[in-house]
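For reference, the structure discussed in these notes is given below.
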Amino acid sequence: MGEITTVLWDVDNTLLDFPYSQRCAITKCFKDIGHEINEEMIERYSVINDSYWKRHERGELTKAQLLIGRFITLFKEYQIENVDVEAFNAGYMAEIGNHFRYLDYSLQICSGLRGKVKQYVVTNGNGEVQRKKLTDSKLLPIMDGLFISEEIGAPKPHKEFFDYCLSQIEEKDKSKILIVGDSLSSDMKGGIDAGIMTCWYRPDGTVNESRLKPDYEISKLRDVFKIIR
C-alpha cells in the first residue's frame with residue numbers, strides 16, 4: 001500500500017452536517033407556504049429524500065425527477081394540496097445553501113492536511129448549493145478541486161464519475177488515493193469499483209451489513225490522520 005497523497009472528500013454528512021441544513025431549509029419553506037411542519041414530517045422527509053437519492057445513484061431517476069419527486073411524495077402523504085412543487089423545490093434549494101454546520105472539526109482537519117496531501121471534493125449535491133456552502137464554510141479555498149456529479153454527467157458511485165475525477169487529478173497511482181465518505185452505496189462502492197483506497201466515516205456507529213468492505217472504518221474524522229500518517 002502506497003503512502004496516501006490524495007484525499008477525495010464527500011461533503012454532506014462527512015464534512016458538513018446535512019440534516020442541519022435540511023431542517024433549516026424545509027422549515028423555512030413550509031412557513032413560506034403557510035404550513036406548519038413538525039418533527040415527524042421532518043424525519044419522514046429525510047427518509048423520502050434519502051430513498052430518492054438512492055434511486056438516483058442506481059440510475060433509476062434523473063436529478064430532475066429526484067428533486068421534484070421527493071416533494072410530490074411528501075405532500076401526497078400529508079395531504080398538502082395546491083402547492084407549486086417546482087417553485088417549492090427552487091425555494092428549498094436556494095435556502096439549503098444558506099445553512100451549514102461543521103461535522104467533527106472538519107475545517108481544522110482539512111486545514112491541517114493542506115500542503116501535506118492534495119484534497120478534492122466529490123459530491124452528488126447540487127452545484128450551486130454545494131459551492132455556496134463550501135465557500136461560506138471556508139472549505140472551498142482549502143481544496144485543490146471540486147467534482148460535482150451533475151456537471152460531470154454521472155453520479156457517484158457510477159464508473160463515469162470516478163473515471164472523470166481520476167483523469168483530472170495529479171496522482172495516478174490508485175493505491176495513494178483515498179476517498180472518505182459516509183455512504184456505503186455511493187462513496188465506498190464507487191471507490192472500491194474505481195480501485196482506490198476507501199475510508200468509511202460512521203460517527204453514529206452504523207454496522208456494515210452490506211457486502212462492501214472498505215479499507216478503513218472511522219468513527220472520528222480526525223482518525224484520517226492515522227491513515228495518512
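Chain identifiers are assigned as A, B, and so on, following the order in which chains appear in the C-alpha cells; residues are numbered from 1 within each chain, and ligands are numbered from 1 in order of appearance.
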
DSSP-assigned strand (DSSP E or B) among range 3-112 of chain A, expressed as a PyMOL selection string: chain A and resi 6-9+12+16+102

Store the residues of this selection in a file with C-alpha atoms, as an mmCIF file, in the first residue's frame.
data_model
loop_
_atom_site.group_PDB
_atom_site.id
_atom_site.type_symbol
_atom_site.label_atom_id
_atom_site.label_comp_id
_atom_site.auth_asym_id
_atom_site.auth_seq_id
_atom_site.Cartn_x
_atom_site.Cartn_y
_atom_site.Cartn_z
ATOM 1 C CA THR A 6 -4.608 12.496 -2.367
ATOM 2 C CA VAL A 7 -7.898 12.637 -0.444
ATOM 3 C CA LEU A 8 -11.327 12.762 -2.048
ATOM 4 C CA TRP A 9 -13.861 14.193 0.410
ATOM 5 C CA ASP A 12 -22.857 16.037 3.155
ATOM 6 C CA LEU A 16 -20.838 19.259 6.762
ATOM 7 C CA TYR A 102 -19.270 21.581 10.503
#

Residues at most 12 Å from Ser219 in chain A, counting only C-alpha atoms, excluding those fewer than 6 positions away in the same chain, as a list in words? Thr14, Leu103, Asp104, Val180, Gly181, Asp182, Cys199, Trp200, Tyr201, Arg202, Pro203, Asp204, Gly205, Thr206 and Val207 of chain A

Requested write-out: C-alpha atoms of the selected residues, as a PDB file, in the first residue's frame:
ATOM      1  CA  THR A  14     -18.883  13.896   6.101  1.00  0.00           C
ATOM      2  CA  LEU A 103     -19.022  17.936  11.400  1.00  0.00           C
ATOM      3  CA  ASP A 104     -16.315  16.695  13.739  1.00  0.00           C
ATOM      4  CA  VAL A 180     -13.573   9.498   2.698  1.00  0.00           C
ATOM      5  CA  GLY A 181     -17.353   9.430   2.955  1.00  0.00           C
ATOM      6  CA  ASP A 182     -20.342   8.340   4.977  1.00  0.00           C
ATOM      7  CA  CYS A 199     -12.462   5.093   4.263  1.00  0.00           C
ATOM      8  CA  TRP A 200     -15.985   4.785   5.622  1.00  0.00           C
ATOM      9  CA  TYR A 201     -16.887   7.515   8.128  1.00  0.00           C
ATOM     10  CA  ARG A 202     -19.574   6.251  10.537  1.00  0.00           C
ATOM     11  CA  PRO A 203     -19.788   8.557  13.563  1.00  0.00           C
ATOM     12  CA  ASP A 204     -23.083   7.052  14.717  1.00  0.00           C
ATOM     13  CA  GLY A 205     -21.655   3.530  14.870  1.00  0.00           C
ATOM     14  CA  THR A 206     -23.697   2.175  11.955  1.00  0.00           C
ATOM     15  CA  VAL A 207     -22.978  -1.514  11.313  1.00  0.00           C
TER      16      VAL A 207
END

Sorted per-residue table, range 65-107 of chain A near range 17-24 of chain A, closest atoms and distance, 10 Å, only C-alpha atoms, as a tab-separated table:
residue	atom	partner	partner_atom	distance
A:Tyr92	CA	A:Gln22	CA	8.7
A:Met93	CA	A:Gln22	CA	9.6
A:Glu95	CA	A:Cys24	CA	8.0
A:Ile96	CA	A:Ser21	CA	5.5
A:Gly97	CA	A:Ser21	CA	7.6
A:Asn98	CA	A:Ser21	CA	7.8
A:His99	CA	A:Ser21	CA	5.0
A:Phe100	CA	A:Ser21	CA	5.6
A:Arg101	CA	A:Asp17	CA	5.3
A:Tyr102	CA	A:Asp17	CA	5.9
A:Leu103	CA	A:Asp17	CA	5.6
A:Asp104	CA	A:Asp17	CA	9.3

Just checking: using only C-alpha atoms, which residue out of A:Ser46, A:Ser167, A:Ser183, A:Asn89 ends up closest to Thr123 in chain A?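 The answer is A:Ser183, which sits nearest to Thr123 in chain A.
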
Out of A:Leu67, A:Ile33, A:Ala194, A:Leu74, which residue has the shortest atom-to-atom distance to Ile48 in chain A when counting only C-alpha atoms?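 With only C-alpha atoms as the atom set, the closest residue is A:Leu74.
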
Ile148 in chain A: which residues within 10 Å, counting only C-alpha atoms, same-chain residues fewer than 5 positions away excluded, as a ChimeraX atom specification? /A:121-128,130-131,153-156,161,165

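Remark: for Lys76 in chain A, the closest of the candidate residues A:Ile196, A:Tyr45, A:Met143, A:Ala94 is A:Tyr45 (distances computed over only C-alpha atoms).
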
Ser51 in chain A: which residues within 12 Å, counting only C-alpha atoms, same-chain residues fewer than 4 positions away excluded, as a ChimeraX atom specification? /A:44-47,55-58,60-61,66-67,69-70,73,185

I need the residues from that last selection saved to file as a PDB file, in the first residue's frame (with C-alpha atoms), if you can.
ATOM      1  CA  ARG A  44     -40.301  11.478   7.171  1.00  0.00           C
ATOM      2  CA  TYR A  45     -38.982  13.910   4.564  1.00  0.00           C
ATOM      3  CA  SER A  46     -35.438  12.819   5.408  1.00  0.00           C
ATOM      4  CA  VAL A  47     -36.362   9.183   4.734  1.00  0.00           C
ATOM      5  CA  ARG A  55     -32.679   5.571  -6.701  1.00  0.00           C
ATOM      6  CA  HIS A  56     -30.702   8.308  -8.433  1.00  0.00           C
ATOM      7  CA  GLU A  57     -27.433   6.587  -7.520  1.00  0.00           C
ATOM      8  CA  ARG A  58     -28.752   3.377  -9.085  1.00  0.00           C
ATOM      9  CA  GLU A  60     -33.404   4.784 -11.786  1.00  0.00           C
ATOM     10  CA  LEU A  61     -34.169   8.519 -11.667  1.00  0.00           C
ATOM     11  CA  LEU A  66     -35.418  13.267  -7.795  1.00  0.00           C
ATOM     12  CA  LEU A  67     -35.732  16.939  -6.862  1.00  0.00           C
ATOM     13  CA  GLY A  69     -40.490  13.655  -6.833  1.00  0.00           C
ATOM     14  CA  ARG A  70     -39.419  13.799  -3.185  1.00  0.00           C
ATOM     15  CA  THR A  73     -44.380  12.170  -2.326  1.00  0.00           C
ATOM     16  CA  SER A 185     -23.657   2.733  -1.534  1.00  0.00           C
TER      17      SER A 185
END

In Å, with one decimal, what is the gap from CA of Asp32 in chain A to CA of Lys63 in chain A? 24.4 Å

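Using only C-alpha atoms, the smallest distance between any of A:Cys110, A:Ile179, A:Ile80, A:Met197 and Asp10 in chain A comes from A:Ile179.
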
DSSP on the backbone, helix (DSSP H, G or I) only: what residues of range 21-179 of chain A does that give? Format it as a ChimeraX atom specification. /A:21-32,39-57,63-77,85-96,106-113,127-136,140-142,149-152,159-168,174-176

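Distances to Phe75 in chain A were evaluated for A:Lys174, A:Glu209, A:Thr198, A:Phe30 using only C-alpha atoms, and the minimum falls at A:Phe30.
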
Smallest atom-to-atom distance to Glu40 in chain A: which of A:Arg222, A:Gly190, A:Tyr78, A:Glu151, using only C-alpha atoms?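 Of the candidates, the smallest distance to Glu40 in chain A is held by A:Tyr78.
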